[in-house]
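This is start.json. It holds JSON, C-alpha atoms and all ligand atoms.
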[["chain", "number", "residue", "atom", "x", "y", "z"],
["A", 1, "MET", "CA", 0.00, 0.00, 0.00],
["A", 2, "ALA", "CA", 1.34, 3.47, -0.88],
["A", 3, "ASP", "CA", 2.56, 5.54, 2.10],
["A", 4, "ASP", "CA", -0.15, 8.16, 1.59],
["A", 5, "ALA", "CA", -2.92, 5.54, 1.55],
["A", 6, "ARG", "CA", -1.51, 3.99, 4.75],
["A", 7, "LEU", "CA", -1.49, 7.39, 6.44],
["A", 8, "VAL", "CA", -5.11, 7.94, 5.41],
["A", 9, "GLY", "CA", -5.91, 4.51, 6.88],
["A", 10, "LYS", "CA", -4.24, 5.34, 10.21],
["A", 11, "LEU", "CA", -5.95, 8.73, 10.38],
["A", 12, "SER", "CA", -9.29, 7.02, 9.65],
["A", 13, "VAL", "CA", -8.65, 4.68, 12.60],
["A", 14, "ALA", "CA", -7.86, 7.77, 14.73],
["A", 15, "SER", "CA", -11.10, 9.36, 13.58],
["A", 16, "ASP", "CA", -13.09, 6.23, 14.51],
["A", 17, "VAL", "CA", -11.33, 6.11, 17.91],
["A", 18, "ILE", "CA", -12.21, 9.74, 18.65],
["A", 19, "SER", "CA", -15.84, 9.25, 17.67],
["A", 20, "ALA", "CA", -16.11, 6.04, 19.77],
["A", 21, "THR", "CA", -14.48, 7.80, 22.73],
["A", 22, "VAL", "CA", -16.86, 10.76, 22.61],
["A", 23, "GLU", "CA", -19.80, 8.35, 22.42],
["A", 24, "PHE", "CA", -18.48, 6.20, 25.30],
["A", 25, "PHE", "CA", -17.96, 9.02, 27.79],
["A", 26, "HIS", "CA", -21.30, 10.55, 26.80],
["A", 27, "GLU", "CA", -23.09, 7.22, 27.42],
["A", 28, "GLU", "CA", -21.30, 6.88, 30.76],
["A", 29, "GLY", "CA", -22.75, 10.23, 31.88],
["A", 30, "PHE", "CA", -19.58, 12.35, 31.74],
["A", 31, "ILE", "CA", -19.66, 16.06, 30.95],
["A", 32, "GLN", "CA", -17.19, 16.83, 28.18],
["A", 33, "LEU", "CA", -15.27, 20.02, 28.90],
["A", 34, "LEU", "CA", -13.35, 21.95, 26.27],
["A", 35, "PRO", "CA", -9.64, 22.02, 26.95],
["A", 36, "VAL", "CA", -7.60, 24.87, 28.36],
["A", 37, "LEU", "CA", -4.14, 25.37, 26.87],
["A", 38, "LEU", "CA", -2.69, 28.03, 29.17],
["A", 39, "GLY", "CA", -2.74, 28.36, 32.94],
["A", 40, "LYS", "CA", -0.94, 29.96, 35.85],
["A", 41, "SER", "CA", 0.14, 26.45, 36.79],
["A", 42, "THR", "CA", 0.13, 23.00, 35.24],
["A", 43, "ASP", "CA", 1.15, 19.43, 36.02],
["A", 44, "PRO", "CA", 4.79, 19.49, 37.27],
["A", 45, "LEU", "CA", 5.31, 15.99, 35.75],
["A", 46, "GLY", "CA", 7.63, 14.75, 38.41],
["A", 47, "PRO", "CA", 9.07, 12.86, 40.11],
["A", 48, "ASP", "CA", 7.83, 10.47, 37.43],
["A", 49, "PRO", "CA", 10.63, 8.31, 36.05],
["A", 50, "GLY", "CA", 8.62, 8.18, 32.80],
["A", 51, "SER", "CA", 9.03, 11.92, 32.23],
["A", 52, "SER", "CA", 12.10, 13.65, 30.78],
["A", 53, "VAL", "CA", 10.69, 17.12, 30.22],
["A", 54, "ILE", "CA", 13.41, 19.74, 29.86],
["A", 55, "LYS", "CA", 11.11, 22.58, 30.87],
["A", 56, "THR", "CA", 7.50, 23.67, 31.00],
["A", 57, "ALA", "CA", 6.72, 26.00, 28.08],
["A", 58, "GLU", "CA", 5.80, 29.50, 29.26],
["A", 59, "ILE", "CA", 4.60, 32.68, 27.63],
["A", 60, "GLU", "CA", 4.28, 36.14, 29.03],
["A", 61, "TYR", "CA", 0.97, 37.78, 28.31],
["A", 62, "LEU", "CA", -0.11, 41.20, 29.60],
["A", 63, "GLY", "CA", 2.32, 40.97, 32.49],
["A", 64, "ALA", "CA", 1.28, 37.47, 33.54],
["A", 65, "GLN", "CA", 3.49, 34.39, 33.22],
["A", 66, "LEU", "CA", 1.36, 31.60, 31.71],
["A", 67, "ARG", "CA", 2.25, 27.95, 31.26],
["A", 68, "LEU", "CA", 1.22, 25.58, 28.47],
["A", 69, "MET", "CA", -0.54, 22.47, 29.69],
["A", 70, "ASN", "CA", 1.66, 19.48, 30.50],
["A", 71, "SER", "CA", -1.67, 18.04, 31.58],
["A", 72, "MET", "CA", -4.94, 19.41, 32.95],
["A", 73, "ILE", "CA", -4.75, 17.48, 36.23],
["A", 74, "LEU", "CA", -4.85, 20.61, 38.43],
["A", 75, "HIS", "CA", -7.75, 22.00, 36.43],
["A", 76, "LYS", "CA", -9.50, 18.61, 36.67],
["A", 77, "GLN", "CA", -9.42, 18.78, 40.49],
["A", 78, "VAL", "CA", -10.84, 22.31, 40.42],
["A", 79, "ALA", "CA", -13.50, 21.27, 37.87],
["A", 80, "ILE", "CA", -14.59, 18.35, 40.08],
["A", 81, "LYS", "CA", -14.93, 20.71, 43.03],
["A", 82, "LYS", "CA", -16.92, 23.30, 41.05],
["A", 83, "LEU", "CA", -19.21, 20.87, 39.21],
["A", 84, "GLY", "CA", -19.37, 17.75, 41.42],
["A", 85, "LYS", "CA", -19.79, 15.72, 38.20],
["A", 86, "LYS", "CA", -17.80, 13.20, 36.17],
["A", 87, "ILE", "CA", -15.82, 15.15, 33.58],
["A", 88, "TRP", "CA", -13.58, 14.42, 30.63],
["A", 89, "ILE", "CA", -11.57, 16.42, 28.12],
["A", 90, "LEU", "CA", -9.81, 15.71, 24.84],
["A", 91, "SER", "CA", -6.83, 17.65, 26.04],
["A", 92, "PRO", "CA", -3.87, 18.78, 23.92],
["A", 93, "ASN", "CA", -0.64, 18.60, 25.93],
["A", 94, "ILE", "CA", 2.82, 20.03, 25.30],
["A", 95, "ARG", "CA", 5.64, 18.07, 26.96],
["A", 96, "LEU", "CA", 9.10, 19.24, 25.93],
["A", 97, "GLU", "CA", 10.89, 15.91, 26.29],
["A", 98, "LYS", "CA", 14.61, 15.44, 25.61],
["A", 99, "GLY", "CA", 15.56, 14.76, 21.97],
["A", 100, "GLU", "CA", 16.72, 11.23, 22.85],
["A", 101, "ARG", "CA", 13.08, 10.34, 23.45],
["A", 102, "LYS", "CA", 12.68, 9.91, 19.69],
["A", 103, "SER", "CA", 14.14, 6.43, 20.15],
["A", 104, "THR", "CA", 11.47, 5.23, 22.60],
["A", 105, "LYS", "CA", 9.05, 5.33, 19.63],
["A", 106, "LYS", "CA", 6.20, 6.31, 22.00],
["A", 107, "HIS", "CA", 7.00, 9.92, 22.90],
["A", 108, "LEU", "CA", 5.64, 13.05, 21.25],
["A", 109, "PHE", "CA", 6.19, 16.59, 22.47],
["A", 110, "GLU", "CA", 2.66, 17.54, 21.37],
["A", 111, "PHE", "CA", -0.15, 15.03, 21.70],
["A", 112, "THR", "CA", -3.76, 14.68, 22.83],
["A", 113, "GLN", "CA", -4.96, 12.73, 25.82],
["A", 114, "ALA", "CA", -8.45, 11.66, 26.81],
["A", 115, "ASP", "CA", -8.30, 12.95, 30.39],
["A", 116, "PHE", "CA", -11.11, 12.14, 32.84],
["A", 117, "GLU", "CA", -11.90, 12.50, 36.53],
["A", 118, "ILE", "CA", -14.68, 11.07, 38.71],
["A", 119, "PRO", "CA", -15.77, 12.53, 42.06],
["A", 120, "ASN", "CA", -15.72, 10.20, 45.08],
["A", 121, "ALA", "CA", -14.28, 7.34, 43.03],
["A", 122, "LYS", "CA", -11.69, 4.71, 43.96],
["A", 123, "LYS", "CA", -9.07, 3.11, 41.74],
["A", 124, "GLU", "CA", -11.23, 0.03, 41.13],
["A", 125, "ASP", "CA", -13.98, 2.28, 39.70],
["A", 126, "VAL", "CA", -11.48, 3.71, 37.22],
["A", 127, "TRP", "CA", -10.17, 0.28, 36.24],
["A", 128, "ALA", "CA", -13.71, -0.99, 35.59],
["A", 129, "LEU", "CA", -14.54, 2.08, 33.48],
["A", 130, "VAL", "CA", -11.35, 1.78, 31.44],
["A", 131, "GLU", "CA", -11.98, -1.92, 30.85],
["A", 132, "ARG", "CA", -15.52, -1.17, 29.64],
["A", 133, "TYR", "CA", -14.01, 1.45, 27.34],
["A", 134, "TYR", "CA", -11.53, -0.91, 25.66],
["A", 135, "LYS", "CA", -14.15, -3.65, 25.32],
["A", 136, "LYS", "CA", -16.61, -1.30, 23.62],
["A", 137, "LEU", "CA", -13.92, 0.27, 21.49],
["A", 138, "GLY", "CA", -12.76, -3.14, 20.24],
["A", 139, "LYS", "CA", -16.32, -4.10, 19.36],
["A", 140, "ARG", "CA", -16.99, -0.82, 17.61],
["A", 141, "LEU", "CA", -13.75, -0.98, 15.61],
["A", 142, "ARG", "CA", -14.64, -4.39, 14.23],
["A", 143, "LYS", "CA", -17.21, -2.50, 12.14],
["A", 144, "SER", "CA", -14.68, 0.09, 10.99],
["A", 145, "GLU", "CA", -13.68, 0.09, 7.33],
["A", 146, "ALA", "CA", -10.27, 1.54, 8.14],
["A", 147, "PHE", "CA", -8.82, -1.76, 9.40],
["A", 148, "PRO", "CA", -9.48, -3.97, 6.36],
["A", 149, "ALA", "CA", -8.01, -1.18, 4.23],
["A", 150, "LEU", "CA", -4.81, -1.38, 6.33],
["A", 151, "GLY", "CA", -4.82, -5.17, 6.16],
["A", 152, "ILE", "CA", -5.02, -5.62, 9.96],
["A", 153, "GLU", "CA", -7.60, -6.84, 12.45],
["A", 154, "PRO", "CA", -8.67, -4.69, 15.40],
["A", 155, "PHE", "CA", -7.20, -6.00, 18.67],
["A", 156, "ARG", "CA", -9.50, -8.24, 20.77],
["A", 157, "PHE", "CA", -9.41, -6.90, 24.33],
["A", 158, "LYS", "CA", -10.05, -9.47, 27.06],
["A", 159, "THR", "CA", -11.06, -7.96, 30.38],
["A", 160, "PRO", "CA", -10.50, -7.68, 33.31],
["A", 161, "PHE", "CA", -6.86, -6.80, 32.76],
["A", 162, "LYS", "CA", -4.29, -8.28, 35.16],
["A", 163, "VAL", "CA", -2.94, -6.10, 37.97],
["A", 164, "TYR", "CA", 0.72, -6.07, 39.07],
["A", 165, "GLU", "CA", 2.49, -3.99, 41.71],
["A", 166, "THR", "CA", 5.41, -2.00, 40.32],
["A", 167, "HIS", "CA", 7.85, -3.66, 42.72],
["A", 168, "GLU", "CA", 6.81, -7.12, 41.41],
["A", 169, "LEU", "CA", 7.52, -5.96, 37.85],
["A", 170, "GLU", "CA", 10.88, -4.51, 38.92],
["A", 171, "GLU", "CA", 11.87, -7.79, 40.58],
["A", 172, "LYS", "CA", 10.98, -9.75, 37.49],
["A", 173, "PHE", "CA", 12.11, -7.42, 34.68],
["A", 174, "GLY", "CA", 14.48, -4.92, 36.36],
["A", 175, "ALA", "CA", 14.15, -1.16, 36.93],
["A", 176, "ASP", "CA", 13.24, -0.58, 33.25],
["A", 177, "TRP", "CA", 10.43, -3.11, 33.37],
["A", 178, "GLU", "CA", 7.94, -1.38, 31.09],
["A", 179, "ILE", "CA", 8.97, -2.59, 27.63],
["A", 180, "PRO", "CA", 10.19, -6.10, 28.60],
["A", 181, "ALA", "CA", 6.95, -6.67, 30.55],
["A", 182, "SER", "CA", 4.91, -5.25, 27.68],
["A", 183, "LEU", "CA", 6.70, -7.53, 25.17],
["A", 184, "LYS", "CA", 5.74, -10.56, 27.24],
["A", 185, "ALA", "CA", 2.11, -9.59, 27.72],
["A", 186, "LYS", "CA", -0.74, -10.69, 25.47],
["A", 187, "GLN", "CA", -3.28, -8.21, 26.88],
["A", 188, "PRO", "CA", -2.99, -4.76, 28.47],
["A", 189, "PHE", "CA", -2.17, -4.90, 32.20],
["A", 190, "TRP", "CA", -2.32, -2.56, 35.19],
["A", 191, "ALA", "CA", 0.90, -1.56, 36.94],
["A", 192, "VAL", "CA", 0.05, -0.03, 40.30],
["A", 193, "CYS", "CA", 1.73, 1.95, 43.07],
["A", 194, "HIS", "CA", 4.41, 4.29, 41.70],
["A", 195, "LYS", "CA", 6.17, 7.09, 43.56],
["A", 196, "ARG", "CA", 4.99, 9.95, 41.40],
["A", 197, "GLU", "CA", 3.52, 13.48, 41.31],
["A", 198, "PHE", "CA", 2.21, 15.10, 44.52],
["A", 199, "TYR", "CA", -1.42, 14.88, 43.42],
["A", 200, "ASP", "CA", -1.54, 11.05, 43.33],
["A", 201, "LYS", "CA", -2.72, 9.89, 46.74],
["A", 202, "GLU", "CA", -0.38, 8.18, 49.17],
["A", 203, "ASP", "CA", -2.25, 5.46, 51.09],
["A", 204, "PRO", "CA", -2.85, 7.08, 54.50],
["A", 205, "ALA", "CA", -2.79, 3.62, 56.15],
["A", 206, "ASN", "CA", 0.38, 2.58, 54.34],
["A", 207, "PRO", "CA", 2.96, 5.35, 53.79],
["A", 208, "GLY", "CA", 5.16, 4.80, 50.74],
["A", 209, "HIS", "CA", 2.26, 3.02, 49.01],
["A", 210, "TYR", "CA", 0.56, 5.07, 46.29],
["A", 211, "LEU", "CA", -3.02, 4.65, 45.08],
["A", 212, "ASN", "CA", -2.12, 5.19, 41.45],
["A", 213, "TYR", "CA", -1.84, 3.11, 38.30],
["A", 214, "ASP", "CA", -0.63, 2.91, 34.72],
["A", 215, "LEU", "CA", -2.15, 0.77, 32.01],
["A", 216, "VAL", "CA", 0.46, -0.85, 29.76],
["A", 217, "TYR", "CA", -0.24, -2.13, 26.24],
["A", 218, "PRO", "CA", 1.10, -5.57, 25.26],
["A", 219, "LEU", "CA", 3.46, -6.50, 22.38],
["A", 220, "GLY", "CA", 6.10, -3.92, 23.35],
["A", 221, "PHE", "CA", 3.90, -0.84, 22.87],
["A", 222, "GLY", "CA", 4.29, 0.21, 26.53],
["A", 223, "GLU", "CA", 2.47, 2.83, 28.59],
["A", 224, "ALA", "CA", -1.11, 3.63, 27.59],
["A", 225, "LEU", "CA", -2.50, 5.56, 30.54],
["A", 226, "SER", "CA", -1.60, 7.08, 33.91],
["A", 227, "GLY", "CA", -3.87, 8.04, 36.77],
["A", 228, "GLY", "CA", -4.66, 7.73, 40.42],
["A", 229, "GLU", "CA", -6.83, 8.50, 43.37],
["A", 230, "ARG", "CA", -6.02, 12.08, 44.28],
["A", 231, "GLU", "CA", -4.56, 13.85, 47.26],
["A", 232, "ASN", "CA", -7.50, 16.10, 48.17],
["A", 233, "GLU", "CA", -6.60, 17.37, 51.67],
["A", 234, "TYR", "CA", -4.86, 20.74, 51.77],
["A", 235, "LYS", "CA", -2.35, 19.68, 54.44],
["A", 236, "ARG", "CA", -1.33, 16.56, 52.52],
["A", 237, "ILE", "CA", -1.05, 18.51, 49.25],
["A", 238, "LEU", "CA", 1.27, 21.05, 50.94],
["A", 239, "GLU", "CA", 3.41, 18.27, 52.43],
["A", 240, "ARG", "CA", 3.69, 16.42, 49.14],
["A", 241, "MET", "CA", 4.53, 19.62, 47.23],
["A", 242, "GLY", "CA", 7.20, 20.37, 49.85],
["A", 243, "ARG", "CA", 8.65, 16.90, 49.28],
["A", 244, "ASP", "CA", 8.94, 17.70, 45.55],
["A", 245, "ARG", "CA", 10.36, 21.22, 46.24],
["A", 246, "LEU", "CA", 7.76, 22.89, 44.03],
["A", 247, "GLY", "CA", 7.71, 26.71, 43.88],
["A", 248, "MET", "CA", 4.53, 27.50, 45.82],
["A", 249, "ASP", "CA", 3.97, 30.92, 44.18],
["A", 250, "VAL", "CA", 3.24, 29.26, 40.82],
["A", 251, "TYR", "CA", 0.58, 27.10, 42.48],
["A", 252, "SER", "CA", -0.99, 29.80, 44.69],
["A", 253, "ALA", "CA", -4.40, 29.84, 42.95],
["A", 254, "TYR", "CA", -4.56, 26.02, 42.95],
["A", 255, "LEU", "CA", -3.58, 25.96, 46.63],
["A", 256, "LYS", "CA", -6.27, 28.49, 47.48],
["A", 257, "GLU", "CA", -8.85, 26.19, 45.89],
["A", 258, "ALA", "CA", -7.35, 23.25, 47.82],
["A", 259, "GLU", "CA", -7.50, 25.18, 51.09],
["A", 260, "GLN", "CA", -11.20, 25.83, 50.55],
["A", 261, "GLY", "CA", -11.58, 22.07, 50.01],
["A", 262, "PHE", "CA", -11.33, 19.60, 47.13],
["A", 263, "LEU", "CA", -13.67, 16.64, 46.68],
["A", 264, "PRO", "CA", -12.03, 13.23, 46.75],
["A", 265, "SER", "CA", -11.67, 11.95, 43.19],
["A", 266, "ALA", "CA", -9.89, 9.49, 40.94],
["A", 267, "GLY", "CA", -9.16, 9.60, 37.25],
["A", 268, "ALA", "CA", -6.65, 9.05, 34.50],
["A", 269, "GLY", "CA", -5.61, 10.09, 31.04],
["A", 270, "PHE", "CA", -4.75, 7.97, 28.02],
["A", 271, "GLY", "CA", -2.84, 9.16, 24.97],
["A", 272, "VAL", "CA", -4.92, 9.13, 21.80],
["A", 273, "GLU", "CA", -1.89, 8.78, 19.49],
["A", 274, "ARG", "CA", -0.51, 5.92, 21.62],
["A", 275, "LEU", "CA", -3.83, 4.13, 21.32],
["A", 276, "VAL", "CA", -3.91, 4.61, 17.54],
["A", 277, "ARG", "CA", -0.27, 3.44, 17.28],
["A", 278, "PHE", "CA", -1.16, 0.29, 19.23],
["A", 279, "LEU", "CA", -4.30, -0.43, 17.21],
["A", 280, "THR", "CA", -2.53, 0.08, 13.89],
["A", 281, "GLN", "CA", 0.64, -1.72, 15.09],
["A", 282, "GLU", "CA", 2.68, 1.26, 13.90],
["A", 283, "GLU", "CA", 6.45, 1.10, 14.42],
["A", 284, "HIS", "CA", 6.85, 4.73, 15.59],
["A", 285, "ILE", "CA", 4.20, 6.97, 17.15],
["A", 286, "GLY", "CA", 5.21, 9.80, 14.75],
["A", 287, "GLY", "CA", 3.71, 7.59, 12.03],
["A", 288, "VAL", "CA", 0.16, 8.20, 13.27],
["A", 289, "GLN", "CA", 0.49, 12.00, 13.16],
["A", 290, "LEU", "CA", -0.08, 14.00, 10.00],
["A", 291, "PHE", "CA", 2.07, 16.81, 11.46],
["A", 292, "ARG", "CA", 4.81, 14.93, 13.30],
["A", 293, "ARG", "CA", 5.77, 16.25, 16.71],
["A", 294, "VAL", "CA", 8.57, 13.85, 17.65],
["A", 295, "PRO", "CA", 11.26, 14.97, 20.15],
["A", 296, "GLY", "CA", 14.55, 15.53, 18.36],
["A", 297, "GLU", "CA", 12.94, 15.81, 14.92],
["A", 298, "GLU", "CA", 12.77, 19.08, 13.04],
["A", 299, "ILE", "CA", 9.26, 20.50, 12.58],
["A", 300, "THR", "CA", 8.64, 21.14, 8.92],
["A", 301, "ILE", "CA", 5.30, 22.91, 9.20],
["B", 401, "LIG", "N1", -3.81, 12.74, 33.04],
["B", 401, "LIG", "C1", -3.04, 12.02, 34.02],
["B", 401, "LIG", "C2", -3.80, 11.84, 35.29],
["B", 401, "LIG", "O1", -5.00, 12.00, 35.27],
["B", 401, "LIG", "C3", -1.74, 12.59, 34.33],
["B", 401, "LIG", "C4", -0.93, 12.73, 33.10],
["B", 401, "LIG", "O2", -1.35, 13.49, 32.26],
["B", 401, "LIG", "O3", 0.11, 12.09, 33.00],
["B", 401, "LIG", "O4", -3.22, 11.46, 36.29],
["B", 402, "MG", "MG", 2.56, 8.39, 32.79]]
Step by step, read the file and then write its structure as structure tokens.
Amino acid sequence: MADDARLVGKLSVASDVISATVEFFHEEGFIQLLPVLLGKSTDPLGPDPGSSVIKTAEIEYLGAQLRLMNSMILHKQVAIKKLGKKIWILSPNIRLEKGERKSTKKHLFEFTQADFEIPNAKKEDVWALVERYYKKLGKRLRKSEAFPALGIEPFRFKTPFKVYETHELEEKFGADWEIPASLKAKQPFWAVCHKREFYDKEDPANPGHYLNYDLVYPLGFGEALSGGERENEYKRILERMGRDRLGMDVYSAYLKEAEQGFLPSAGAGFGVERLVRFLTQEEHIGGVQLFRRVPGEEITI
């Protein structure tokens, strides 16, 4: 198949995925919010071993220093508090990763994630929702005309997905467990309990244990999604931000909202391009973008 026809096929899969995702969250009773791109503060993306961002992109506008979204997590917590409803966003993110990340084949410095948050939810609620999503998506894609045109079959998701603690995966596959474990897997699996950003909840009954999770695709495709139950108490948020040495002035508006009280919540975000890469079995994630945004690659337009 000519390269152009293949690209059309992959973009048609992406289009079907977006339409199925909008339908799924709508049927599940979520309110779809439009994304914000700029904020006083954004996700600090650390200390996550999966992140290599050089810096958060900033612009000065009318005397204010504004940051481009690494992710909308802070805005999601505020949205949950203001609305008290399940919300989701197709959220464009800018993550200025190191140039070497081109070789992971799964990093983009500009991508879109389906980012959702549920008030008063626990991690098991999120896992069940995500498993319903992949099941429905698989079923829906079997009717898509884009796959036969590409000469591939849509993946058959079998749920529930297995759950592993990160330390188990490290013991078995070493510190860089993600790709070796993914290569061995036949179905997506949950990897739970990572030391990560301040907003992922630390189990109050079990310090050093985190109530968060990644979903990992099989066949070497690696990380699909990250999320967690959230730290919603002001005191805990301050402590965790102190641990990460975050500049409090940047987060002052977020902290004010936290001080007035956040609702407990849990959520996650999954990368749309990573999902399309997995479904189309594409070698490099840049291959599912019409306008490639691969770290270390020159932008042509
Ligand atoms: N969206 C993710 C979350 O909900 C965070 C991320 O963007 O990595 O935790
Ligand atoms: Mg992640």
Inset, instruction - Fewer than 2 positions away in the same chain doesn't count, so skip those; otherwise give me all residues within 12 Å of A:Thr21, counting all atoms listed in the file, as a PyMOL selection string. - result: chain A and resi 14-19+23-28+30+32+88-90+113-116+130+132-138+140-141+270-272+275
Per residue of chain A within 7 Å of ligand MG 402 (chain B), which atom pair is closest and at what distance in Å (one decimal), using all atoms listed in the file, listed by chain and increasing number, as a Markdown table?
| residue | atom | partner | partner_atom | distance |
| --- | --- | --- | --- | --- |
| A:Gly50 | CA | B:MG402 | MG | 6.1 |
| A:Asp214 | CA | B:MG402 | MG | 6.6 |
| A:Glu223 | CA | B:MG402 | MG | 7.0 |
| A:Leu225 | CA | B:MG402 | MG | 6.2 |
| A:Ser226 | CA | B:MG402 | MG | 4.5 |
Please tabulate, as a tab-separated table, the residues of chain A that come within 6 Å of ligand LIG 401 (chain B), each with its closest pair of atoms and the distance in Å to one decimal, counting only C-alpha atoms and all ligand atoms and ordering rows by chain, then residue number upward.
residue	atom	partner	partner_atom	distance
A:Ser71	CA	B:LIG401	O2	4.6
A:Ile73	CA	B:LIG401	O1	5.6
A:Asp115	CA	B:LIG401	N1	5.2
A:Ser226	CA	B:LIG401	C1	5.1
A:Gly227	CA	B:LIG401	O4	3.5
A:Gly228	CA	B:LIG401	O4	5.7
A:Gly267	CA	B:LIG401	O1	5.2
A:Ala268	CA	B:LIG401	O1	3.5
A:Gly269	CA	B:LIG401	N1	3.8
Legend entry - Option closest in space to A:Leu34, from A:Arg196, A:His284, A:Lys76, A:Arg293 [counting all atoms listed in the file]: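 Residue with the minimum atom-to-atom distance to A:Leu34: A:Lys76.
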Per-residue nearest contacts of stretch 45-145 of chain A to stretch 201-211 of chain A (12 Å; only C-alpha atoms) as JSON lines:
{"residue": "A:Ala121", "atom": "CA", "partner": "A:Leu211", "partner_atom": "CA", "distance": 11.8}
{"residue": "A:Lys122", "atom": "CA", "partner": "A:Leu211", "partner_atom": "CA", "distance": 8.7}
{"residue": "A:Lys123", "atom": "CA", "partner": "A:Leu211", "partner_atom": "CA", "distance": 7.1}
{"residue": "A:Glu124", "atom": "CA", "partner": "A:Leu211", "partner_atom": "CA", "distance": 10.2}
{"residue": "A:Val126", "atom": "CA", "partner": "A:Leu211", "partner_atom": "CA", "distance": 11.6}
Inset, instruction - Give me, please, the distance in Å between atom CA of A:Ser265 and atom CA of A:Glu117, quoted to one decimal. - result: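 According to the coordinates, atom CA of A:Ser265 and atom CA of A:Glu117 are separated by 6.7 Å.
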Legend entry - Distance criterion (all atoms listed in the file): nearest to A:Lys86 out of A:Gln65, A:Asn120, A:Thr104, A:Thr300: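 Checking each of A:Gln65, A:Asn120, A:Thr104, A:Thr300 against A:Lys86, counting all atoms listed in the file, the winner is A:Asn120.
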Inset, instruction - Find the spatial neighbours of A:Pro160, counting all atoms listed in the file, within a cut-off of 10 Å - ignore same-chain residues fewer than 3 positions away - and output them as a list of chain:residue names. - result: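 What passes the distance filter is A:Trp127, A:Ala128, A:Val130, A:Glu131, A:Arg132, A:Lys135, A:Phe157, A:Val163, A:Gln187, A:Pro188, A:Phe189, A:Trp190.
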Inset, instruction - Compare A:Ala5, A:Gly261, A:Arg277, A:Leu183 by their minimum atom-to-atom distance to A:Lys81, counting all atoms listed in the file, and give me the closest one. - result: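 Closest residue, counting all atoms listed in the file: A:Gly261.
The interatomic distance for the pair atom CA of A:Val36 and atom CA of A:Cys193 works out to 28.8 Å.
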Legend entry - For A:Glu259: contacts at 10 Å, only C-alpha atoms, fewer than 2 positions along chain excluded, given as an NGL selection string: :A and (232-235 or 237-238 or 253-257 or 261-262)
Legend entry - Contacts of A:His75 within 10 Å, all atoms listed in the file, excl. fewer than 3 positions in-chain, as a PyMOL selection string: chain A and resi 35-36+39+41-43+69+71-72+78-81+254
Inset, instruction - Determine the nearest neighbour of A:Thr280 from the options A:Lys82, A:Arg6, A:Lys40, A:Lys55, counting all atoms listed in the file. - result: A:Arg6
Contact table stretch 211-279 of chain A vs stretch 143-153 of chain A, cut-off 12 Å, shortest pair per residue, all atoms listed in the file, as a Markdown table:
| residue | atom | partner | partner_atom | distance |
| --- | --- | --- | --- | --- |
| A:Val276 | CA | A:Phe147 | CA | 11.4 |
| A:Phe278 | CA | A:Ile152 | CA | 11.7 |
| A:Leu279 | CA | A:Glu153 | CA | 8.6 |
Inset, instruction - Skip stretch 108-110 of chain A itself and residues of its chain fewer than 6 positions away, then list as a VMD selection string all residues within 9 Å of it, counting only C-alpha atoms. - result: chain A and resid 53 92 to 97 101 to 102 273 285 to 286 292 to 295
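Take atom CA of A:Arg230 and atom CA of A:Asn70: the distance between them is 17.4 Å.
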Would you place a box with edges along x, y and z of the file around all atoms of stretch 96-106 of chain A listed there, add 8 Å to each of its six sides, and report the centre and edge lengths in Å to one decimal, as AutoDock Vina command-line options?
--center_x 11.5 --center_y 12.2 --center_z 23.0 --size_x 26.5 --size_y 30.0 --size_z 22.7
Legend entry - Pick from A:Gly84, A:Gly222, A:Pro119, A:Gly29 nearest to A:Lys106, counting all atoms listed in the file: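 Smallest distance to A:Lys106 is found for A:Gly222.
Minimum atom-to-atom distances from A:Leu219, A:Leu290, A:Val22, A:Ile87 to A:Ala266 were compared using all atoms listed in the file, and the lowest value belongs to A:Ile87.
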Give me stretch 39-45 of chain A with N, CA, C and O atoms filled in, as a PDB file, in the coordinates of the input.
ATOM      1  N   GLY A  39      -2.324  28.173  31.553  1.00  0.00           N
ATOM      2  CA  GLY A  39      -2.740  28.360  32.940  1.00  0.00           C
ATOM      3  C   GLY A  39      -1.622  28.956  33.757  1.00  0.00           C
ATOM      4  O   GLY A  39      -0.466  28.949  33.317  1.00  0.00           O
ATOM      5  N   LYS A  40      -1.967  29.470  34.936  1.00  0.00           N
ATOM      6  CA  LYS A  40      -0.940  29.960  35.850  1.00  0.00           C
ATOM      7  C   LYS A  40      -0.027  28.810  36.254  1.00  0.00           C
ATOM      8  O   LYS A  40       1.158  28.974  36.465  1.00  0.00           O
ATOM      9  N   SER A  41      -0.645  27.627  36.406  1.00  0.00           N
ATOM     10  CA  SER A  41       0.140  26.450  36.790  1.00  0.00           C
ATOM     11  C   SER A  41      -0.349  25.263  35.986  1.00  0.00           C
ATOM     12  O   SER A  41      -1.461  25.276  35.438  1.00  0.00           O
ATOM     13  N   THR A  42       0.504  24.253  35.907  1.00  0.00           N
ATOM     14  CA  THR A  42       0.130  23.000  35.240  1.00  0.00           C
ATOM     15  C   THR A  42       0.813  21.841  35.957  1.00  0.00           C
ATOM     16  O   THR A  42       1.531  22.041  36.931  1.00  0.00           O
ATOM     17  N   ASP A  43       0.558  20.654  35.477  1.00  0.00           N
ATOM     18  CA  ASP A  43       1.150  19.430  36.020  1.00  0.00           C
ATOM     19  C   ASP A  43       2.686  19.552  36.064  1.00  0.00           C
ATOM     20  O   ASP A  43       3.306  19.788  35.019  1.00  0.00           O
ATOM     21  N   PRO A  44       3.323  19.388  37.243  1.00  0.00           N
ATOM     22  CA  PRO A  44       4.790  19.490  37.270  1.00  0.00           C
ATOM     23  C   PRO A  44       5.491  18.288  36.637  1.00  0.00           C
ATOM     24  O   PRO A  44       6.693  18.349  36.371  1.00  0.00           O
ATOM     25  N   LEU A  45       4.757  17.201  36.403  1.00  0.00           N
ATOM     26  CA  LEU A  45       5.310  15.990  35.750  1.00  0.00           C
ATOM     27  C   LEU A  45       6.536  15.434  36.454  1.00  0.00           C
ATOM     28  O   LEU A  45       7.512  15.091  35.812  1.00  0.00           O
TER      29      LEU A  45
END
